[in-house]
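Have a look at start_17.cif; it's mmCIF, C-alpha atoms and all ligand atoms:
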data_target
loop_
_atom_site.group_PDB
_atom_site.id
_atom_site.type_symbol
_atom_site.label_atom_id
_atom_site.label_comp_id
_atom_site.auth_asym_id
_atom_site.auth_seq_id
_atom_site.Cartn_x
_atom_site.Cartn_y
_atom_site.Cartn_z
ATOM 1 C CA MET E 1 83.657 57.073 69.366
ATOM 2 C CA HIS E 2 82.139 54.254 67.304
ATOM 3 C CA ILE E 3 78.384 54.680 66.935
ATOM 4 C CA ASP E 4 76.234 51.779 65.766
ATOM 5 C CA LEU E 5 72.790 53.304 65.207
ATOM 6 C CA HIS E 6 71.153 49.962 64.555
ATOM 7 C CA GLU E 7 72.422 48.588 67.836
ATOM 8 C CA ILE E 8 71.218 51.680 69.691
ATOM 9 C CA ASP E 9 67.862 51.407 67.937
ATOM 10 C CA THR E 10 67.431 47.741 68.823
ATOM 11 C CA TYR E 11 67.971 48.462 72.511
ATOM 12 C CA ALA E 12 65.791 51.597 72.456
ATOM 13 C CA LYS E 13 62.875 49.680 70.955
ATOM 14 C CA ARG E 14 63.231 46.825 73.432
ATOM 15 C CA TRP E 15 63.412 49.193 76.408
ATOM 16 C CA ILE E 16 60.498 51.377 75.368
ATOM 17 C CA LYS E 17 58.264 48.297 74.988
ATOM 18 C CA GLU E 18 59.438 46.974 78.341
ATOM 19 C CA ALA E 19 58.783 50.347 80.014
ATOM 20 C CA GLY E 20 55.325 50.415 78.435
ATOM 21 C CA GLN E 21 54.565 46.955 79.819
ATOM 22 C CA ARG E 22 55.601 48.145 83.276
ATOM 23 C CA ILE E 23 53.282 51.140 82.968
ATOM 24 C CA ARG E 24 50.365 48.926 81.902
ATOM 25 C CA ASP E 25 51.118 46.607 84.837
ATOM 26 C CA SER E 26 50.968 49.616 87.186
ATOM 27 C CA PHE E 27 47.352 50.486 86.333
ATOM 28 C CA PRO E 28 45.732 48.422 89.114
ATOM 29 C CA LYS E 29 48.173 49.819 91.713
ATOM 30 C CA THR E 30 47.740 53.044 93.672
ATOM 31 C CA LEU E 31 49.372 55.982 91.963
ATOM 32 C CA ASN E 32 51.366 58.501 93.979
ATOM 33 C CA VAL E 33 50.602 61.928 92.453
ATOM 34 C CA THR E 34 52.410 65.116 93.482
ATOM 35 C CA THR E 35 52.641 68.573 91.910
ATOM 36 C CA LYS E 36 55.654 70.428 90.518
ATOM 37 C CA SER E 37 55.544 74.118 89.474
ATOM 38 C CA ASN E 38 51.787 74.635 90.068
ATOM 39 C CA PRO E 39 48.680 72.651 91.140
ATOM 40 C CA ASN E 40 48.031 71.476 87.541
ATOM 41 C CA ASP E 41 51.634 70.423 86.881
ATOM 42 C CA LEU E 42 51.493 66.768 87.949
ATOM 43 C CA VAL E 43 54.121 64.089 88.369
ATOM 44 C CA THR E 44 53.703 60.509 89.568
ATOM 45 C CA ASN E 45 55.945 57.789 90.897
ATOM 46 C CA ILE E 46 55.514 56.088 87.514
ATOM 47 C CA ASP E 47 56.957 59.098 85.613
ATOM 48 C CA GLN E 48 59.963 58.956 87.934
ATOM 49 C CA GLU E 49 60.386 55.170 87.913
ATOM 50 C CA THR E 50 60.081 55.029 84.125
ATOM 51 C CA GLU E 51 62.769 57.656 83.650
ATOM 52 C CA GLN E 52 65.042 55.834 86.111
ATOM 53 C CA PHE E 53 64.409 52.570 84.238
ATOM 54 C CA PHE E 54 65.757 54.098 80.996
ATOM 55 C CA ILE E 55 68.689 55.756 82.723
ATOM 56 C CA ASN E 56 69.806 52.505 84.358
ATOM 57 C CA LYS E 57 69.553 50.608 81.045
ATOM 58 C CA ILE E 58 71.385 53.276 79.043
ATOM 59 C CA ASN E 59 74.146 53.752 81.618
ATOM 60 C CA GLU E 60 74.734 49.992 81.807
ATOM 61 C CA THR E 61 74.834 49.455 78.046
ATOM 62 C CA PHE E 62 76.135 52.763 76.687
ATOM 63 C CA PRO E 63 78.153 54.428 79.483
ATOM 64 C CA ASP E 64 79.422 57.197 77.186
ATOM 65 C CA HIS E 65 75.941 58.347 76.086
ATOM 66 C CA GLN E 66 74.289 61.356 77.747
ATOM 67 C CA ILE E 67 70.678 61.564 78.886
ATOM 68 C CA LEU E 68 68.339 64.540 79.109
ATOM 69 C CA GLY E 69 65.132 63.581 80.919
ATOM 70 C CA GLU E 70 62.166 65.596 82.141
ATOM 71 C CA GLU E 71 62.238 64.324 85.703
ATOM 72 C CA GLY E 72 65.858 65.296 86.200
ATOM 73 C CA TYR E 73 67.539 61.937 86.856
ATOM 74 C CA GLY E 74 69.723 62.266 83.764
ATOM 75 C CA ASP E 75 72.664 64.521 83.021
ATOM 76 C CA THR E 76 72.948 68.286 83.013
ATOM 77 C CA ILE E 77 73.604 69.035 79.379
ATOM 78 C CA SER E 78 74.969 72.292 77.997
ATOM 79 C CA LYS E 79 75.715 71.130 74.465
ATOM 80 C CA LEU E 80 74.561 68.337 72.172
ATOM 81 C CA SER E 81 77.794 66.471 71.512
ATOM 82 C CA GLY E 82 78.128 62.715 71.149
ATOM 83 C CA VAL E 83 75.021 60.592 71.619
ATOM 84 C CA VAL E 84 72.252 62.249 73.645
ATOM 85 C CA TRP E 85 69.000 60.505 74.590
ATOM 86 C CA ILE E 86 66.202 63.038 75.143
ATOM 87 C CA ILE E 87 63.499 61.294 77.157
ATOM 88 C CA ASP E 88 60.014 62.084 78.325
ATOM 89 C CA PRO E 89 59.033 59.032 80.412
ATOM 90 C CA ILE E 90 55.339 59.960 80.328
ATOM 91 C CA ASP E 91 54.176 62.700 78.003
ATOM 92 C CA GLY E 92 50.630 63.625 78.965
ATOM 93 C CA THR E 93 50.872 63.013 82.706
ATOM 94 C CA MET E 94 47.537 64.731 83.353
ATOM 95 C CA ASN E 95 45.894 62.305 80.930
ATOM 96 C CA PHE E 96 47.762 59.402 82.518
ATOM 97 C CA VAL E 97 46.432 60.358 85.958
ATOM 98 C CA HIS E 98 42.866 61.279 84.955
ATOM 99 C CA GLN E 99 42.204 59.019 81.978
ATOM 100 C CA GLN E 100 44.769 56.171 81.950
ATOM 101 C CA ARG E 101 45.112 56.858 78.209
ATOM 102 C CA ASN E 102 46.228 59.570 75.759
ATOM 103 C CA PHE E 103 49.823 59.554 76.990
ATOM 104 C CA ALA E 104 53.064 58.284 75.480
ATOM 105 C CA ILE E 105 56.730 57.617 76.118
ATOM 106 C CA SER E 106 58.932 59.786 73.904
ATOM 107 C CA ILE E 107 62.613 59.216 73.113
ATOM 108 C CA GLY E 108 64.675 61.243 70.662
ATOM 109 C CA ILE E 109 68.266 60.156 70.050
ATOM 110 C CA TYR E 110 70.615 62.858 68.760
ATOM 111 C CA VAL E 111 74.172 62.427 67.514
ATOM 112 C CA ASN E 112 76.263 65.610 67.607
ATOM 113 C CA GLY E 113 73.063 67.638 67.567
ATOM 114 C CA GLU E 114 71.386 65.806 64.694
ATOM 115 C CA GLY E 115 68.170 63.859 65.236
ATOM 116 C CA ARG E 116 68.850 60.269 64.174
ATOM 117 C CA ILE E 117 66.293 58.040 65.934
ATOM 118 C CA GLY E 118 62.839 58.850 67.276
ATOM 119 C CA LEU E 119 60.442 56.618 69.207
ATOM 120 C CA ILE E 120 57.003 57.534 70.515
ATOM 121 C CA TYR E 121 55.101 54.727 72.203
ATOM 122 C CA ASP E 122 51.344 54.981 72.708
ATOM 123 C CA VAL E 123 51.403 52.565 75.611
ATOM 124 C CA VAL E 124 47.685 51.819 75.938
ATOM 125 C CA HIS E 125 47.198 51.099 72.233
ATOM 126 C CA ASP E 126 50.551 49.281 71.938
ATOM 127 C CA GLU E 127 51.400 51.536 68.985
ATOM 128 C CA LEU E 128 55.064 52.331 68.437
ATOM 129 C CA TYR E 129 55.880 55.207 66.104
ATOM 130 C CA HIS E 130 59.448 54.936 64.991
ATOM 131 C CA VAL E 131 61.948 56.673 62.731
ATOM 132 C CA ILE E 132 65.559 56.146 61.840
ATOM 133 C CA LYS E 133 66.495 59.253 59.886
ATOM 134 C CA GLY E 134 66.662 58.459 56.177
ATOM 135 C CA ASN E 135 64.836 55.134 56.533
ATOM 136 C CA GLY E 136 61.234 56.315 56.807
ATOM 137 C CA VAL E 137 58.707 56.465 59.623
ATOM 138 C CA PHE E 138 56.771 53.439 60.829
ATOM 139 C CA LEU E 139 53.713 52.794 62.955
ATOM 140 C CA ASN E 140 54.499 49.339 64.309
ATOM 141 C CA ASP E 141 55.461 47.534 61.058
ATOM 142 C CA GLU E 142 53.569 49.778 58.691
ATOM 143 C CA GLN E 143 55.359 52.560 56.837
ATOM 144 C CA ILE E 144 53.751 56.015 57.070
ATOM 145 C CA PRO E 145 53.453 57.826 53.713
ATOM 146 C CA GLU E 146 54.939 61.266 52.957
ATOM 147 C CA LEU E 147 52.843 64.260 53.994
ATOM 148 C CA GLU E 148 50.853 66.066 51.330
ATOM 149 C CA GLU E 149 49.827 69.704 51.089
ATOM 150 C CA ARG E 150 46.546 70.868 52.572
ATOM 151 C CA SER E 151 44.715 74.209 52.718
ATOM 152 C CA VAL E 152 43.827 75.917 56.003
ATOM 153 C CA SER E 153 40.109 75.616 55.251
ATOM 154 C CA GLU E 154 40.419 71.820 54.991
ATOM 155 C CA SER E 155 42.734 71.331 57.948
ATOM 156 C CA ILE E 156 42.346 70.159 61.525
ATOM 157 C CA ILE E 157 44.729 71.999 63.814
ATOM 158 C CA ALA E 158 45.746 70.858 67.281
ATOM 159 C CA LEU E 159 45.598 73.859 69.561
ATOM 160 C CA ASN E 160 44.700 74.204 73.233
ATOM 161 C CA ALA E 161 41.830 76.635 73.941
ATOM 162 C CA THR E 162 44.016 78.313 76.592
ATOM 163 C CA TRP E 163 45.935 80.099 73.832
ATOM 164 C CA VAL E 164 42.916 81.993 72.545
ATOM 165 C CA THR E 165 41.993 83.189 76.046
ATOM 166 C CA GLU E 166 43.933 85.628 78.247
ATOM 167 C CA ASN E 167 47.312 83.959 78.897
ATOM 168 C CA LYS E 168 50.913 84.789 79.710
ATOM 169 C CA ARG E 169 52.475 83.631 76.439
ATOM 170 C CA LEU E 170 50.523 84.812 73.409
ATOM 171 C CA PRO E 171 48.223 87.690 72.536
ATOM 172 C CA PRO E 172 44.834 85.903 72.670
ATOM 173 C CA GLU E 173 43.732 87.515 69.386
ATOM 174 C CA LEU E 174 46.715 86.098 67.441
ATOM 175 C CA LEU E 175 45.340 82.604 66.841
ATOM 176 C CA ALA E 176 41.586 83.348 66.924
ATOM 177 C CA PRO E 177 41.358 83.979 63.130
ATOM 178 C CA LEU E 178 43.146 80.674 62.485
ATOM 179 C CA VAL E 179 40.691 78.826 64.731
ATOM 180 C CA LYS E 180 37.860 80.336 62.673
ATOM 181 C CA ALA E 181 39.494 79.628 59.304
ATOM 182 C CA ALA E 182 40.403 75.999 59.997
ATOM 183 C CA ARG E 183 37.963 73.129 59.455
ATOM 184 C CA GLY E 184 38.383 72.139 63.100
ATOM 185 C CA THR E 185 40.602 72.270 66.158
ATOM 186 C CA ARG E 186 41.580 69.560 68.631
ATOM 187 C CA SER E 187 43.552 69.300 71.847
ATOM 188 C CA TYR E 188 44.876 65.929 73.002
ATOM 189 C CA GLY E 189 47.048 66.958 75.955
ATOM 190 C CA SER E 190 50.156 65.052 74.872
ATOM 191 C CA ALA E 191 52.611 66.908 72.665
ATOM 192 C CA ALA E 192 54.255 63.649 71.581
ATOM 193 C CA LEU E 193 50.927 62.208 70.427
ATOM 194 C CA GLU E 194 49.997 65.467 68.720
ATOM 195 C CA MET E 195 53.297 65.187 66.823
ATOM 196 C CA VAL E 196 52.586 61.635 65.653
ATOM 197 C CA TYR E 197 49.058 62.648 64.692
ATOM 198 C CA VAL E 198 50.618 65.251 62.397
ATOM 199 C CA ALA E 199 53.029 62.604 61.094
ATOM 200 C CA THR E 200 50.193 60.196 60.306
ATOM 201 C CA GLY E 201 47.942 62.922 58.829
ATOM 202 C CA ARG E 202 45.202 62.543 61.455
ATOM 203 C CA ILE E 203 45.672 66.246 62.068
ATOM 204 C CA ASP E 204 47.390 68.765 59.811
ATOM 205 C CA ALA E 205 49.258 71.047 62.216
ATOM 206 C CA TYR E 206 50.003 71.481 65.918
ATOM 207 C CA ILE E 207 50.652 74.833 67.541
ATOM 208 C CA THR E 208 51.698 75.510 71.126
ATOM 209 C CA PRO E 209 53.576 78.384 72.764
ATOM 210 C CA ARG E 210 55.709 76.394 75.189
ATOM 211 C CA LEU E 211 57.299 72.964 75.038
ATOM 212 C CA ALA E 212 60.435 71.494 76.544
ATOM 213 C CA PRO E 213 62.963 69.573 74.396
ATOM 214 C CA TRP E 214 61.714 66.162 75.614
ATOM 215 C CA ASP E 215 58.199 67.031 74.398
ATOM 216 C CA PHE E 216 59.263 67.406 70.755
ATOM 217 C CA ALA E 217 62.714 65.782 70.343
ATOM 218 C CA ALA E 218 61.353 62.550 68.838
ATOM 219 C CA GLY E 219 58.335 63.973 67.030
ATOM 220 C CA ILE E 220 60.155 66.545 64.937
ATOM 221 C CA ILE E 221 62.474 63.867 63.492
ATOM 222 C CA MET E 222 59.388 61.978 62.269
ATOM 223 C CA ILE E 223 57.619 65.036 60.859
ATOM 224 C CA GLU E 224 60.710 66.268 59.007
ATOM 225 C CA GLU E 225 61.410 62.765 57.664
ATOM 226 C CA LEU E 226 57.932 62.822 56.054
ATOM 227 C CA GLY E 227 58.399 66.244 54.439
ATOM 228 C CA GLY E 228 56.634 68.216 57.179
ATOM 229 C CA VAL E 229 57.987 71.391 58.746
ATOM 230 C CA ALA E 230 58.946 72.012 62.397
ATOM 231 C CA THR E 231 59.783 75.500 63.687
ATOM 232 C CA ASN E 232 58.888 77.786 66.552
ATOM 233 C CA LEU E 233 55.943 80.192 66.278
ATOM 234 C CA ARG E 234 58.177 82.783 64.652
ATOM 235 C CA GLY E 235 59.312 80.372 61.963
ATOM 236 C CA GLN E 236 62.759 79.853 63.474
ATOM 237 C CA GLN E 237 64.668 76.640 64.092
ATOM 238 C CA LEU E 238 63.889 74.790 67.342
ATOM 239 C CA ASP E 239 66.513 74.712 70.099
ATOM 240 C CA LEU E 240 66.920 71.286 71.729
ATOM 241 C CA LEU E 241 68.455 72.752 74.873
ATOM 242 C CA LYS E 242 65.671 75.083 76.020
ATOM 243 C CA GLU E 243 61.934 75.711 75.971
ATOM 244 C CA ASN E 244 60.452 76.733 72.618
ATOM 245 C CA SER E 245 57.159 77.660 71.106
ATOM 246 C CA VAL E 246 56.385 74.943 68.556
ATOM 247 C CA PHE E 247 54.590 74.921 65.205
ATOM 248 C CA VAL E 248 54.672 71.661 63.254
ATOM 249 C CA SER E 249 52.721 71.177 60.081
ATOM 250 C CA LYS E 250 52.247 69.624 56.699
ATOM 251 C CA PRO E 251 54.382 71.303 54.021
ATOM 252 C CA GLY E 252 52.705 74.263 52.293
ATOM 253 C CA LEU E 253 50.267 74.680 55.162
ATOM 254 C CA HIS E 254 53.185 75.773 57.343
ATOM 255 C CA ALA E 255 54.128 78.620 54.995
ATOM 256 C CA ASP E 256 50.466 79.574 54.548
ATOM 257 C CA ILE E 257 49.821 79.835 58.310
ATOM 258 C CA MET E 258 53.160 81.569 58.884
ATOM 259 C CA GLN E 259 52.336 84.205 56.283
ATOM 260 C CA ASN E 260 48.595 84.708 56.743
ATOM 261 C CA PHE E 261 48.100 84.120 60.469
ATOM 262 C CA LEU E 262 51.458 84.371 62.234
ATOM 263 C CA GLU E 263 52.532 87.606 60.547
ATOM 264 C CA ASN E 264 55.751 85.946 59.364
ATOM 265 C CA GLY E 265 56.882 85.908 62.979
ATOM 266 C CA LYS E 266 56.498 89.667 63.469
ATOM 267 C CA TRP E 267 53.742 89.510 66.090
HETATM 268 P P1 LIG X 301 53.959 66.376 80.282
HETATM 269 O O1 LIG X 301 52.686 65.686 80.416
HETATM 270 O O2 LIG X 301 55.124 65.481 80.032
HETATM 271 O O3 LIG X 301 54.261 67.336 81.404
HETATM 272 C C1 LIG X 301 50.093 69.222 77.590
HETATM 273 O O4 LIG X 301 49.416 70.128 76.780
HETATM 274 C C2 LIG X 301 51.454 68.979 76.971
HETATM 275 O O5 LIG X 301 52.355 70.012 77.377
HETATM 276 C C3 LIG X 301 52.079 67.700 77.423
HETATM 277 O O6 LIG X 301 52.872 67.230 76.373
HETATM 278 C C4 LIG X 301 52.881 68.122 78.639
HETATM 279 O O7 LIG X 301 53.942 67.251 78.923
HETATM 280 C C5 LIG X 301 53.391 69.461 78.187
HETATM 281 N N1 LIG X 301 53.652 70.353 79.295
HETATM 282 C C6 LIG X 301 53.001 70.410 80.453
HETATM 283 N N2 LIG X 301 53.501 71.368 81.259
HETATM 284 C C7 LIG X 301 54.507 71.924 80.568
HETATM 285 C C8 LIG X 301 55.427 72.969 80.865
HETATM 286 N N3 LIG X 301 55.396 73.620 82.028
HETATM 287 N N4 LIG X 301 56.335 73.283 79.935
HETATM 288 C C9 LIG X 301 56.366 72.630 78.764
HETATM 289 N N5 LIG X 301 55.520 71.625 78.431
HETATM 290 C C10 LIG X 301 54.605 71.279 79.330
HETATM 291 CA CA CA X 302 55.534 67.145 83.229
HETATM 292 CA CA CA X 303 56.057 66.196 78.075
HETATM 293 CA CA CA X 304 56.480 64.047 81.089
#
How would this structure read if it were set down as structure tokens?
Amino acid sequence: MHIDLHEIDTYAKRWIKEAGQRIRDSFPKTLNVTTKSNPNDLVTNIDQETEQFFINKINETFPDHQILGEEGYGDTISKLSGVVWIIDPIDGTMNFVHQQRNFAISIGIYVNGEGRIGLIYDVVHDELYHVIKGNGVFLNDEQIPELEERSVSESIIALNATWVTENKRLPPELLAPLVKAARGTRSYGSAALEMVYVATGRIDAYITPRLAPWDFAAGIIMIEELGGVATNLRGQQLDLLKENSVFVSKPGLHADIMQNFLENGKW
């Protein structure tokens, strides 16, 4: 199979901008909101229509590519061979519904399992974060500099308060000392945006016990391209075919938190 990454990238950029325009155009219209696994797990007609928009475009233009999408209109994928588009049509659906901001479209493009292109589009701000592996990371036309080291005491860490209260995924006392030791914590409610905030240095790390591949597929390519580190909460490599805990961070800070707060994965 001949793979022209620049051609794929050109289409991906065009489509993500077009999808973003459609989402902005939908704001005055009535949104159809339903729930999925529980009353707080929301999905809208716009999530579904946006995913279908990408699938139609990709199938028309690149019939031999595979698609893994959150809303389930893509393919059932058991291994990452050939070109796979990993798409979250709206990341931060709760924000989209309640706030009409703080959400993004996320697309990671993998070739034989390797992350090659990542796009995260902050639709409301018209900010496109973009990486082609080996060619740097850009916010619109501006190149994002490499990540530098940072101590815990001077870092802002993205972390949802849920994970230091009683919950099904983590011992609540695990992260409490980190919350105390850090300069500050934040929670934005969109994993894709939290990833690009790490990439741009607006925050220093992001920790969460459960994400799906479409939440992080694009973001980890950007963070790794800039010298950052992306693993699960036990310090292991992320698996693009299932749910993972996720810990992305500036270099140095990752090892520090792993060693001094995450018990080197032995919790
Ligand atoms: P979503 O808006 O695309 O569903 C909210 O803290 C972040 O977690 C968002 O990126 C959200 O993505 C994601 N998220 C919400 N529910 C999730 C679930 N059940 N599993 C994994 N990620 C989820
Ligand atoms: Ca969802
Ligand atoms: Ca998501
Ligand atoms: Ca989503």
Output of the PyMOL selection byres (((chain E and resi 9-17) around 10) and not hetatm), listed as an NGL selection string | :E and (4-8 or 18-23 or 50 or 53-54 or 57-58 or 61 or 85 or 89 or 105-109 or 116-123 or 126-128 or 130-132)
Restricting the output to C-alpha atoms, write the selected residues as a tab-separated table (two decimals), in the coordinates of the input.
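This went into again_17.tsv:
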chain	number	residue	atom	x	y	z
E	4	ASP	CA	76.23	51.78	65.77
E	5	LEU	CA	72.79	53.30	65.21
E	6	HIS	CA	71.15	49.96	64.56
E	7	GLU	CA	72.42	48.59	67.84
E	8	ILE	CA	71.22	51.68	69.69
E	18	GLU	CA	59.44	46.97	78.34
E	19	ALA	CA	58.78	50.35	80.01
E	20	GLY	CA	55.32	50.42	78.44
E	21	GLN	CA	54.56	46.96	79.82
E	22	ARG	CA	55.60	48.14	83.28
E	23	ILE	CA	53.28	51.14	82.97
E	50	THR	CA	60.08	55.03	84.12
E	53	PHE	CA	64.41	52.57	84.24
E	54	PHE	CA	65.76	54.10	81.00
E	57	LYS	CA	69.55	50.61	81.04
E	58	ILE	CA	71.39	53.28	79.04
E	61	THR	CA	74.83	49.46	78.05
E	85	TRP	CA	69.00	60.50	74.59
E	89	PRO	CA	59.03	59.03	80.41
E	105	ILE	CA	56.73	57.62	76.12
E	106	SER	CA	58.93	59.79	73.90
E	107	ILE	CA	62.61	59.22	73.11
E	108	GLY	CA	64.68	61.24	70.66
E	109	ILE	CA	68.27	60.16	70.05
E	116	ARG	CA	68.85	60.27	64.17
E	117	ILE	CA	66.29	58.04	65.93
E	118	GLY	CA	62.84	58.85	67.28
E	119	LEU	CA	60.44	56.62	69.21
E	120	ILE	CA	57.00	57.53	70.52
E	121	TYR	CA	55.10	54.73	72.20
E	122	ASP	CA	51.34	54.98	72.71
E	123	VAL	CA	51.40	52.56	75.61
E	126	ASP	CA	50.55	49.28	71.94
E	127	GLU	CA	51.40	51.54	68.98
E	128	LEU	CA	55.06	52.33	68.44
E	130	HIS	CA	59.45	54.94	64.99
E	131	VAL	CA	61.95	56.67	62.73
E	132	ILE	CA	65.56	56.15	61.84
Expected selection from the PyMOL selection byres (((chain E and resi 199) around 8) and not hetatm), given as a list in words = Ile144, Leu147, Met195, Val196, Tyr197, Val198, Thr200, Gly201, Arg202, Met222, Ile223, Leu226 and Gly228 of chain E
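Here atom O2 of ligand LIG 301 (chain X) stands at a distance of 14.6 Å from CA of Tyr73 (chain E).
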Selection in question (the file shown): the PyMOL selection byres (((not hetatm)) within 7 of (chain X and resi 304)). Which residues does it include, as a CSV table (one decimal) with C-alpha atoms, in the frame of the given file?
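The file below, out.csv, is the result:
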chain,number,residue,atom,x,y,z
E,47,ASP,CA,57.0,59.1,85.6
E,70,GLU,CA,62.2,65.6,82.1
E,88,ASP,CA,60.0,62.1,78.3
E,89,PRO,CA,59.0,59.0,80.4
E,90,ILE,CA,55.3,60.0,80.3
E,91,ASP,CA,54.2,62.7,78.0
E,92,GLY,CA,50.6,63.6,79.0
E,93,THR,CA,50.9,63.0,82.7
For each of E:Gln259, E:Ser190, E:Asn102, E:Thr208, take the minimum atom-to-atom distance to Asn244 (chain E), counting all atoms listed in the file, then give the residue where this is smallest.
-> E:Thr208
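Taking all atoms listed in the file into account, Leu211 (chain E) lies nearest to E:Arg169 out of the set E:Arg169, E:Lys250, E:His65, E:Arg150.
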Got a sec: who's within 6 Å of region 214-216 of chain E, counting all atoms listed in the file, leaving out chain neighbours fewer than 4 positions off, as number ranges by chain?
-> E: 86-88, 191-192, 220
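Among the candidates E:Leu253, E:Val111, E:Ile55, E:Ala176, the residue lying nearest to Ala161 (chain E) is E:Ala176 (atoms considered: all atoms listed in the file).
With CA of Thr44 (chain E) on one side and CA of Asn32 (chain E) on the other, the separation reads 5.4 Å.
Reported to one decimal place, the separation of CA of Ala158 (chain E) from CA of Ala205 (chain E) is 6.2 Å.
Among E:Ala104, E:Ile157, E:Leu139, E:Leu233, the residue with the shortest atom-to-atom distance to ligand LIG 301 (chain X), counting only C-alpha atoms and all ligand atoms, is E:Ala104.
Proximity to Val124 (chain E) was assessed for E:Ser37, E:Gln236, E:Gln48, E:Ser26 counting all atoms listed in the file; the smallest distance is recorded for E:Ser26.
Closest to Glu49 (chain E) among E:Asp239, E:Glu149, E:Glu154, E:Glu71 is E:Glu71, based on all atoms listed in the file.
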Once 4 Å is added on each side, what centre and edge lengths in Å to one decimal does the axis-aligned box around all listed atoms of region 24-42 of chain E have, as JSON?
{"center_x": 50.7, "center_y": 60.6, "center_z": 87.9, "size_x": 17.9, "size_y": 36.0, "size_z": 20.1}
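Near Asp256 (chain E), within 10 Å and counting only C-alpha atoms, sit E:Arg150, E:Ser151, E:Val152, E:Leu262, E:Asn264, not including residues fewer than 6 positions from it in the same chain.
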Using only C-alpha atoms, which residues sit within 12 Å of Gly113 (chain E) once same-chain residues fewer than 6 positions away are excluded, as an NGL selection string?
-> :E and (77-86 or 217 or 221 or 238-241)
Next, write the just-selected residues to a file, as a compact mmCIF listing (two decimals), in the frame of the given file, keeping C-alpha atoms as the atom set.
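Saved result, again-v1.txt, follows:
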# COMPACT_ATOMS: atom_id res chain seq x y z
CA ILE E 77 73.60 69.04 79.38
CA SER E 78 74.97 72.29 78.00
CA LYS E 79 75.72 71.13 74.46
CA LEU E 80 74.56 68.34 72.17
CA SER E 81 77.79 66.47 71.51
CA GLY E 82 78.13 62.72 71.15
CA VAL E 83 75.02 60.59 71.62
CA VAL E 84 72.25 62.25 73.64
CA TRP E 85 69.00 60.50 74.59
CA ILE E 86 66.20 63.04 75.14
CA ALA E 217 62.71 65.78 70.34
CA ILE E 221 62.47 63.87 63.49
CA LEU E 238 63.89 74.79 67.34
CA ASP E 239 66.51 74.71 70.10
CA LEU E 240 66.92 71.29 71.73
CA LEU E 241 68.46 72.75 74.87
List every protein, DNA or RNA residue that has an atom no more than 6 Å from (59.1, 63.2, 52.8) in the file's coordinate frame, counting only C-alpha atoms, and report them as a list in words.
-> Glu146, Glu225, Leu226 and Gly227 of chain E
Please export region 179-197 of chain E as a CSV table (one decimal), in the first residue's frame, restricted to C-alpha atoms.
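Saved the output as part-v7.csv:
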chain,number,residue,atom,x,y,z
E,179,VAL,CA,-2.5,17.6,45.0
E,180,LYS,CA,-1.0,19.1,48.1
E,181,ALA,CA,2.5,19.2,46.8
E,182,ALA,CA,1.7,20.8,43.4
E,183,ARG,CA,1.4,24.5,42.9
E,184,GLY,CA,-2.2,24.0,41.6
E,185,THR,CA,-4.6,21.6,40.1
E,186,ARG,CA,-7.1,22.2,37.2
E,187,SER,CA,-9.8,20.2,35.5
E,188,TYR,CA,-11.0,21.2,32.0
E,189,GLY,CA,-13.3,18.3,31.2
E,190,SER,CA,-11.8,17.5,27.8
E,191,ALA,CA,-8.9,15.1,27.7
E,192,ALA,CA,-7.8,16.3,24.2
E,193,LEU,CA,-7.6,19.9,25.4
E,194,GLU,CA,-5.8,18.8,28.6
E,195,MET,CA,-3.3,17.0,26.3
E,196,VAL,CA,-2.7,20.2,24.2
E,197,TYR,CA,-2.4,22.2,27.4
